[in-house]
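Asker: Just dropping this structure here.
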Amino acid sequence: MIRFDYTGKTVLVTGAGRGLGFAIAQAFAKARATVILNDRTPEKVEVAIRRLGDSGMVIGAPADLSSPQGSAQAIAPALGKGSLDVLVNNAAVNIERSIENTSDAHWDEHIGVVLGAPFFTAKAALPLLIQSQGCIINIASELGLHAIANNVAYVSAKHGLLALTRALAIELAPHKVRVNALCPGTMDTELMQECAADSGDPEAYYRDFRAYHPLNRLARPEEVAEFVLCLASPAAAFMTGAAVVLDGGSTAGRM
Amino acid sequence: MADKFANRRILITGSTRGLGYAAAQEFLEQGAEVVIHGKDESRVRKVTSELANAYRARARGFAADLNSRTEQDRLAEFAGELDVLVNCAGVYEERFCADATENHWKDTIEINLTAAWRLARALSPGLKARNGVIVNIGSDSALLGFAGSVAYCASKGALVGLTRALAVELAPHVRALCVCPGPVDTDMMRNSVAAQPDPVAARRQWESFPILKRVATPKEIAEAILFAASPTCSFQTGSLIVVDGGTTAGRIV
């Protein structure tokens with residue numbers, strides 16, 4: 001594991017109540033950043049902060065990012081503090097539905113949270129990021145690069161997020177604000193475990209997801225989080241507008 | 001008159017001007033029955049009657065504001081069972097991040113992305129029954145970032161994802177393709193250029209992006225749309241047809 005030092009830096013991680021977002025918040029906290037931790041409800045934020053224990057300086061920022069008002073709410077603690085160095089747009093929803101079962105509400109929620117929220121949160125954070133010459137990391141997905149069935153809203157939104165990443169990168173380059181995206185494959189998160197349990201045959205569920213990735217395993221949230229710290233660090237100082245793929249080979253080809 | 005699309009039923013959104021209009025002419029030329037769509041009712045009526053005269057009927061018109069879901073639904077109902085759906089209607093307005101308001105974002109996403117999705121969803125049973133084709137009009141902005149285009153780039157990038165998702169899920173009955181034009185000499189581009197403080201420089205900038213050092217004619221893009229929709233293209237689905245004068249291929253530094 002590479003050692004990163006984020007002493008004196010402020011990082012906002014959206015959707016950090018659990019899963020990858022939590023792992024990212026934890027990694028930044030361990031690297032001595034001040035972490036502003038967002039999730040949908042005060043309860044989820046509280047639970048996450050308690051789980052982090054005394055591993056660092058953490059501020060809660062509960063907000064529902066399905067509307068632009070939520071983005072403003074999530075940024076408020078950073079504005080109050082007067083600084084933000086890293087914005088990690090991680091919050092997402094991902095519910096599989098066939099085309100005919102994708103309702104307007106389902107579509108709007110996915111487009112709103114996965115594509116809209118990163119834009120509105122970035123916009124709200126802009127003055128602070130310009131001041132700090134900071135960076136934005138958008139957590140996209142391997143499904144920003146190709147499609148699977150029964151996931152039309154999520155696939156569309158994640159593709160859009162990669163295009164948004166490039167547009168923001170070009171526009172903010174003169175301000176020395178870097179914008180990059182990370183495209184993970186399937187991760188072994190709490191959500192994954194729940195879905196496996198719901199499937200009736202957890203073992204087969206996991207086996208199928210492992211086989212989907214040529215490396216024949218799922219990603220650990222911690223290894224993806226490690227990459228986020230790398231993208232936000234001086235090691236990636238010349239990187240902007242990139243889509244870094246961390247998908248166990250799933251978009252590289254077929255076995 | 002050729003008849004590559006004889007008796008084919010086609011809806012082209014945004015077909016009273018620009019790319020959509022050029023595509024309508026080409027489809028009609030090839031014997032198709034085309035539903036002309038635009039936002040402005042009088043313009044739809046005028047364009048439809050002109051095209052109907054020029055191509056001996058087979059053009060029907062329908063006015064609908066694609067920023068309204070009720071009107072999206074009405075358009076889908078009017079179109080009925082189709083062989084080809086061309087999602088061409090789109091809006092572009094230069095807005096830098098700080099000035100990209102909630103309404104700017106919402107309108108751009110609704111018209112460029114969500115309307116295409118909702119029409120595809122509504123019309124997919126008919127398209128399946130007829131082994132049809134969905135042609136989405138993307139942009140080089142789906143593949144490259146441009147300053148002042150956050151909402152537009154996001155909407156067009158998502159449209160590429162939508163195309164792939166539709167292709168995967170509607171296969172093997174329906175093909176879905178995304179034609180990604182570079183800058184085209186249309187009202188959309190001319191209006192954007194005219195709104196700039198220095199229109200001549202703005203026009204020159206548009207011409208500078210393609211390595212061919214010019215913008216496309218609407219007809220050049222319409223040809224790609226017809227190819228995508230035609231049986232000649234029968235093994236192509238979920239893919240991009242990039243007609244951008246080489247903009248995404250690289251640059252002459």
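Labels used: A, B, ... for chains in the order of the structure tokens, numbers from 1 for residues in each chain, and numbers from 1 for ligands as shown.
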Tell me which protein, DNA and RNA residues are within 9 Å of Arg74 in chain B, counting only C-alpha atoms, leaving out same-chain ones fewer than 5 positions away, and put them as number ranges by chain.
Answerer: B: 64, 69, 79
Asker: Output C-alpha atoms for every residue in that selection, as a compact mmCIF listing (two decimals), in the first residue's frame.
Answerer:
# COMPACT_ATOMS: atom_id res chain seq x y z
CA ALA B 64 -44.63 18.67 -29.90
CA ARG B 69 -43.51 14.54 -21.21
CA ALA B 79 -46.02 7.94 -34.71
Asker: Near Ser230 in chain B, counting only C-alpha atoms, which residues have an atom at most 9 Å away, once you skip same-chain residues fewer than 5 positions from it, shown as an MDAnalysis selection string?
Answerer: chainID B and resid 4:5 133 225
Asker: So that I can see what lies close to Gly138 in chain B, please list as a ChimeraX atom specification the residues with an atom at most 10 Å from it, counting only C-alpha atoms and leaving out residues fewer than 3 positions away in the same chain.
Answerer: /B:87-88,90,112-113,135,141-143,153,155-160,163,177-182,240-242
Asker: How about saving the chosen residues, C-alpha atoms kept, as a PDB file, in the first residue's frame?
Answerer:
ATOM      1  CA  ASN B  87     -33.834  10.821 -32.199  1.00  0.00           C
ATOM      2  CA  CYS B  88     -32.439  13.964 -33.740  1.00  0.00           C
ATOM      3  CA  GLY B  90     -31.560  18.555 -29.579  1.00  0.00           C
ATOM      4  CA  ASN B 112     -31.366  15.678 -25.649  1.00  0.00           C
ATOM      5  CA  LEU B 113     -31.505  12.534 -23.518  1.00  0.00           C
ATOM      6  CA  VAL B 135     -30.730   5.960 -34.643  1.00  0.00           C
ATOM      7  CA  SER B 141     -19.150  16.186 -27.641  1.00  0.00           C
ATOM      8  CA  ALA B 142     -20.033  12.710 -26.379  1.00  0.00           C
ATOM      9  CA  LEU B 143     -16.395  11.756 -26.902  1.00  0.00           C
ATOM     10  CA  CYS B 153     -21.541  16.979 -23.311  1.00  0.00           C
ATOM     11  CA  SER B 155     -26.437  14.667 -22.369  1.00  0.00           C
ATOM     12  CA  LYS B 156     -24.677  13.422 -25.505  1.00  0.00           C
ATOM     13  CA  GLY B 157     -22.335  11.132 -23.571  1.00  0.00           C
ATOM     14  CA  ALA B 158     -25.357   9.619 -21.858  1.00  0.00           C
ATOM     15  CA  LEU B 159     -27.027   9.192 -25.244  1.00  0.00           C
ATOM     16  CA  VAL B 160     -24.134   6.927 -26.271  1.00  0.00           C
ATOM     17  CA  THR B 163     -27.710   3.562 -27.441  1.00  0.00           C
ATOM     18  CA  LEU B 177     -26.852   3.105 -33.376  1.00  0.00           C
ATOM     19  CA  CYS B 178     -25.459   6.482 -32.473  1.00  0.00           C
ATOM     20  CA  VAL B 179     -24.377   8.828 -35.247  1.00  0.00           C
ATOM     21  CA  CYS B 180     -21.917  11.346 -33.783  1.00  0.00           C
ATOM     22  CA  PRO B 181     -21.507  14.381 -35.993  1.00  0.00           C
ATOM     23  CA  GLY B 182     -18.858  17.035 -35.588  1.00  0.00           C
ATOM     24  CA  LEU B 240     -20.991   4.751 -32.961  1.00  0.00           C
ATOM     25  CA  ILE B 241     -20.821   6.146 -36.445  1.00  0.00           C
ATOM     26  CA  VAL B 242     -18.523   9.088 -35.959  1.00  0.00           C
TER      27      VAL B 242
END
Asker: Any chance you could tabulate, as a Markdown table, the residues of chain B at most 10 Å from chain A with each one's nearest atom pair and distance in Å to one decimal, using only C-alpha atoms, in chain and rising number order?
Answerer:
| residue | atom | partner | partner_atom | distance |
| --- | --- | --- | --- | --- |
| B:Arg69 | CA | A:Asp104 | CA | 9.7 |
| B:Phe96 | CA | A:Glu171 | CA | 7.7 |
| B:Cys97 | CA | A:Lys123 | CA | 6.4 |
| B:Ala98 | CA | A:Lys123 | CA | 6.4 |
| B:Asp99 | CA | A:Lys123 | CA | 9.3 |
| B:Ala100 | CA | A:Lys123 | CA | 8.6 |
| B:Thr101 | CA | A:Phe120 | CA | 9.1 |
| B:Glu102 | CA | A:Pro68 | CA | 7.3 |
| B:Trp105 | CA | A:Gly116 | CA | 8.2 |
| B:Lys106 | CA | A:Gly116 | CA | 8.7 |
| B:Ile109 | CA | A:Ile111 | CA | 8.9 |
| B:Glu110 | CA | A:Asp108 | CA | 9.8 |
| B:Leu113 | CA | A:Ser156 | CA | 8.9 |
| B:Thr114 | CA | A:Trp107 | CA | 8.4 |
| B:Trp117 | CA | A:Ala153 | CA | 9.0 |
| B:Arg118 | CA | A:Asp104 | CA | 8.3 |
| B:Ala120 | CA | A:Ile99 | CA | 9.2 |
| B:Arg121 | CA | A:Ile99 | CA | 6.5 |
| B:Ala122 | CA | A:Glu100 | CA | 8.5 |
| B:Ser124 | CA | A:Glu100 | CA | 8.9 |
| B:Pro125 | CA | A:Glu100 | CA | 9.3 |
| B:Ser141 | CA | A:Ala163 | CA | 7.6 |
| B:Ala142 | CA | A:Ala163 | CA | 5.8 |
| B:Leu143 | CA | A:Ala163 | CA | 6.5 |
| B:Leu144 | CA | A:Arg166 | CA | 6.4 |
| B:Gly145 | CA | A:Ala167 | CA | 3.7 |
| B:Phe146 | CA | A:Ala167 | CA | 5.2 |
| B:Ala147 | CA | A:Glu171 | CA | 4.4 |
| B:Gly148 | CA | A:Glu171 | CA | 6.8 |
| B:Ser149 | CA | A:Ala167 | CA | 6.6 |
| B:Val150 | CA | A:Ala167 | CA | 5.4 |
| B:Ala151 | CA | A:Leu164 | CA | 7.4 |
| B:Tyr152 | CA | A:Leu164 | CA | 8.7 |
| B:Cys153 | CA | A:Ala163 | CA | 5.6 |
| B:Ala154 | CA | A:Gly160 | CA | 4.5 |
| B:Ser155 | CA | A:Gly160 | CA | 6.1 |
| B:Lys156 | CA | A:Gly160 | CA | 7.0 |
| B:Gly157 | CA | A:Gly160 | CA | 4.3 |
| B:Ala158 | CA | A:Gly160 | CA | 3.7 |
| B:Leu159 | CA | A:Ser156 | CA | 6.4 |
| B:Val160 | CA | A:His159 | CA | 6.9 |
| B:Gly161 | CA | A:Ser156 | CA | 4.2 |
| B:Leu162 | CA | A:Ser156 | CA | 4.8 |
| B:Thr163 | CA | A:Ser156 | CA | 8.2 |
| B:Arg164 | CA | A:Ala147 | CA | 5.6 |
| B:Ala165 | CA | A:Ala147 | CA | 5.1 |
| B:Leu166 | CA | A:Val152 | CA | 7.1 |
| B:Ala167 | CA | A:Ala147 | CA | 8.7 |
| B:Val168 | CA | A:Ala149 | CA | 5.7 |
| B:Glu169 | CA | A:Ala149 | CA | 4.9 |
| B:Leu170 | CA | A:Ala149 | CA | 8.7 |
| B:Ala171 | CA | A:Ala149 | CA | 9.9 |
| B:Gly238 | CA | A:Ala147 | CA | 9.0 |
Asker: In Å, how far is it from CA of Thr240 in chain A to CA of Val86 in chain A?
Answerer: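 These atoms are spaced 13.6 Å apart.
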Asker: Given the choices A:Asn216, A:Ala196, A:Asn138, A:Ala63, which gets closest to Val244 in chain A if the distance is worked out from only C-alpha atoms?
Answerer: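 Using only C-alpha atoms, Val244 in chain A sits closest to A:Asn138.
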Asker: When you look at Thr48 in chain B with a cut-off of 10 Å (counting only C-alpha atoms), what residues show up, excluding the ones that are within fewer than 4 positions of it in the same chain? I need them as JSON, numbers by chain.
Answerer: {"B": [15, 16, 24, 34, 35, 36, 37, 42, 43, 44, 52, 53, 54, 57, 58, 59, 60, 61, 62]}
Asker: Going by DSSP on the backbone, which residues of range 140-249 of chain B come out as strand (DSSP E or B)? List them as a list in words.
Answerer: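 The strand (DSSP E or B) residues within range 140-249 of chain B come out as Ser149, Arg175, Ala176, Leu177, Cys178, Val179, Cys180, Pro181, Val184, Ala216, Leu240, Ile241, Val242 and Val243 of chain B.
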Asker: Could the residues in this selection be saved with C-alpha atoms as an mmCIF file, in the first residue's frame?
Answerer:
data_model
loop_
_atom_site.group_PDB
_atom_site.id
_atom_site.type_symbol
_atom_site.label_atom_id
_atom_site.label_comp_id
_atom_site.auth_asym_id
_atom_site.auth_seq_id
_atom_site.Cartn_x
_atom_site.Cartn_y
_atom_site.Cartn_z
ATOM 1 C CA SER B 149 -20.742 22.651 -22.911
ATOM 2 C CA ARG B 175 -30.601 -2.412 -33.839
ATOM 3 C CA ALA B 176 -29.572 0.810 -32.092
ATOM 4 C CA LEU B 177 -26.852 3.105 -33.376
ATOM 5 C CA CYS B 178 -25.459 6.482 -32.473
ATOM 6 C CA VAL B 179 -24.377 8.828 -35.247
ATOM 7 C CA CYS B 180 -21.917 11.346 -33.783
ATOM 8 C CA PRO B 181 -21.507 14.381 -35.993
ATOM 9 C CA VAL B 184 -22.516 20.923 -38.964
ATOM 10 C CA ALA B 216 -20.082 19.339 -42.386
ATOM 11 C CA LEU B 240 -20.991 4.751 -32.961
ATOM 12 C CA ILE B 241 -20.821 6.146 -36.445
ATOM 13 C CA VAL B 242 -18.523 9.088 -35.959
ATOM 14 C CA VAL B 243 -18.865 11.649 -38.753
#
Asker: Any chance you could list, as number ranges by chain, the residues in range 8-103 of chain B that come up alpha helix (DSSP H) when DSSP is run on the backbone?
Answerer: B: 18-29, 41-54, 69-79, 102-103
Asker: Do you know which residues are at most 12 Å from Val253 in chain B counting only C-alpha atoms, after dropping those on the same chain fewer than 5 positions away, and could you put them as a list in words?
Answerer: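 Within the cut-off, the hits are Ser208, Phe209, Pro210 and Ile211 of chain B.
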Asker: Generate the output file for the selected residues, N, CA and C atoms, as a PDB file, in the first residue's frame.
Answerer:
ATOM      1  N   SER B 208     -12.090  24.940 -37.080  1.00  0.00           N
ATOM      2  CA  SER B 208     -10.723  24.517 -36.758  1.00  0.00           C
ATOM      3  C   SER B 208     -10.671  23.131 -36.111  1.00  0.00           C
ATOM      4  N   PHE B 209     -11.784  22.675 -35.495  1.00  0.00           N
ATOM      5  CA  PHE B 209     -11.730  21.390 -34.784  1.00  0.00           C
ATOM      6  C   PHE B 209     -11.556  20.181 -35.705  1.00  0.00           C
ATOM      7  N   PRO B 210     -12.358  20.043 -36.769  1.00  0.00           N
ATOM      8  CA  PRO B 210     -12.154  18.874 -37.651  1.00  0.00           C
ATOM      9  C   PRO B 210     -10.818  18.977 -38.387  1.00  0.00           C
ATOM     10  N   ILE B 211     -10.136  17.854 -38.528  1.00  0.00           N
ATOM     11  CA  ILE B 211      -8.858  17.913 -39.262  1.00  0.00           C
ATOM     12  C   ILE B 211      -9.110  18.211 -40.739  1.00  0.00           C
TER      13      ILE B 211
END
Asker: At what distance in Å, to one decimal, does CA of Glu77 in chain B lie from CA of Met188 in chain B?
Answerer: 27.5 Å
Asker: Can you tell me how far CA of Asp83 in chain B sits from CA of Asp107 in chain B, in Å to one decimal?
Answerer: 28.2 Å
Asker: Which residues are near Gly126 in chain B? Cut-off 10 Å, only C-alpha atoms, ignore same chain within fewer than 5 positions. Put them as an NGL selection string.
Answerer: :B and (80-84 or 131-132 or 174)
Asker: What's the 10 Å shell around Ile49 in chain A, counting only C-alpha atoms, without same-chain residues fewer than 3 positions away, as a PDB file with N, CA and C atoms, in the first residue's frame?
Answerer:
ATOM      1  N   ALA A  16     -21.014   8.355   1.334  1.00  0.00           N
ATOM      2  CA  ALA A  16     -19.925   7.687   2.069  1.00  0.00           C
ATOM      3  C   ALA A  16     -20.426   6.906   3.282  1.00  0.00           C
ATOM      4  N   GLY A  17     -21.713   6.680   3.379  1.00  0.00           N
ATOM      5  CA  GLY A  17     -22.270   5.950   4.516  1.00  0.00           C
ATOM      6  C   GLY A  17     -21.764   4.523   4.593  1.00  0.00           C
ATOM      7  N   PHE A  22     -17.590   4.798   1.829  1.00  0.00           N
ATOM      8  CA  PHE A  22     -17.040   4.679   3.180  1.00  0.00           C
ATOM      9  C   PHE A  22     -15.552   4.345   3.123  1.00  0.00           C
ATOM     10  N   ALA A  25     -13.673   7.462   2.285  1.00  0.00           N
ATOM     11  CA  ALA A  25     -13.624   8.375   3.437  1.00  0.00           C
ATOM     12  C   ALA A  25     -12.603   7.873   4.466  1.00  0.00           C
ATOM     13  N   GLN A  26     -12.635   6.566   4.700  1.00  0.00           N
ATOM     14  CA  GLN A  26     -11.722   5.968   5.666  1.00  0.00           C
ATOM     15  C   GLN A  26     -10.256   6.121   5.241  1.00  0.00           C
ATOM     16  N   VAL A  35     -12.183  14.975   6.605  1.00  0.00           N
ATOM     17  CA  VAL A  35     -13.152  14.368   5.696  1.00  0.00           C
ATOM     18  C   VAL A  35     -14.552  14.894   5.981  1.00  0.00           C
ATOM     19  N   ILE A  36     -15.196  15.402   4.954  1.00  0.00           N
ATOM     20  CA  ILE A  36     -16.608  15.760   5.067  1.00  0.00           C
ATOM     21  C   ILE A  36     -17.388  14.599   4.464  1.00  0.00           C
ATOM     22  N   LEU A  37     -18.196  13.989   5.310  1.00  0.00           N
ATOM     23  CA  LEU A  37     -18.818  12.729   4.933  1.00  0.00           C
ATOM     24  C   LEU A  37     -20.306  12.936   4.648  1.00  0.00           C
ATOM     25  N   GLU A  43     -28.833   9.800   9.994  1.00  0.00           N
ATOM     26  CA  GLU A  43     -28.578   8.516  10.661  1.00  0.00           C
ATOM     27  C   GLU A  43     -27.435   7.769   9.968  1.00  0.00           C
ATOM     28  N   LYS A  44     -27.496   7.716   8.624  1.00  0.00           N
ATOM     29  CA  LYS A  44     -26.448   7.005   7.875  1.00  0.00           C
ATOM     30  C   LYS A  44     -25.085   7.662   8.092  1.00  0.00           C
ATOM     31  N   VAL A  45     -25.086   8.983   8.122  1.00  0.00           N
ATOM     32  CA  VAL A  45     -23.837   9.718   8.342  1.00  0.00           C
ATOM     33  C   VAL A  45     -23.300   9.422   9.749  1.00  0.00           C
ATOM     34  N   GLU A  46     -24.203   9.434  10.737  1.00  0.00           N
ATOM     35  CA  GLU A  46     -23.808   9.159  12.122  1.00  0.00           C
ATOM     36  C   GLU A  46     -23.154   7.779  12.254  1.00  0.00           C
ATOM     37  N   LEU A  52     -15.935   5.046  11.743  1.00  0.00           N
ATOM     38  CA  LEU A  52     -14.581   5.549  11.493  1.00  0.00           C
ATOM     39  C   LEU A  52     -13.803   5.704  12.804  1.00  0.00           C
ATOM     40  N   GLY A  53     -14.544   5.817  13.915  1.00  0.00           N
ATOM     41  CA  GLY A  53     -13.901   5.933  15.217  1.00  0.00           C
ATOM     42  C   GLY A  53     -13.036   7.175  15.276  1.00  0.00           C
ATOM     43  N   ASP A  54     -11.829   7.024  15.817  1.00  0.00           N
ATOM     44  CA  ASP A  54     -10.976   8.212  15.933  1.00  0.00           C
ATOM     45  C   ASP A  54      -9.867   8.179  14.882  1.00  0.00           C
ATOM     46  N   SER A  55     -10.204   7.611  13.710  1.00  0.00           N
ATOM     47  CA  SER A  55      -9.152   7.493  12.691  1.00  0.00           C
ATOM     48  C   SER A  55      -8.901   8.816  11.978  1.00  0.00           C
ATOM     49  N   GLY A  56      -9.584   9.873  12.348  1.00  0.00           N
ATOM     50  CA  GLY A  56      -9.290  11.166  11.724  1.00  0.00           C
ATOM     51  C   GLY A  56     -10.332  12.203  12.034  1.00  0.00           C
ATOM     52  N   MET A  57     -10.195  13.317  11.367  1.00  0.00           N
ATOM     53  CA  MET A  57     -11.074  14.471  11.560  1.00  0.00           C
ATOM     54  C   MET A  57     -12.236  14.321  10.583  1.00  0.00           C
ATOM     55  N   VAL A  58     -13.464  14.153  11.087  1.00  0.00           N
ATOM     56  CA  VAL A  58     -14.600  13.912  10.198  1.00  0.00           C
ATOM     57  C   VAL A  58     -15.755  14.864  10.509  1.00  0.00           C
ATOM     58  N   ILE A  59     -16.335  15.431   9.471  1.00  0.00           N
ATOM     59  CA  ILE A  59     -17.492  16.312   9.601  1.00  0.00           C
ATOM     60  C   ILE A  59     -18.648  15.687   8.823  1.00  0.00           C
ATOM     61  N   GLY A  60     -19.822  15.652   9.399  1.00  0.00           N
ATOM     62  CA  GLY A  60     -20.971  15.078   8.706  1.00  0.00           C
ATOM     63  C   GLY A  60     -21.649  16.102   7.809  1.00  0.00           C
TER      64      GLY A  60
END
Asker: So, counting only C-alpha atoms, which residue among A:Thr186, A:Thr34, A:Ser233, A:Ser141 is closest to Phe4 in chain A?
Answerer: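 Of all the options, A:Ser233 lies closest to Phe4 in chain A.
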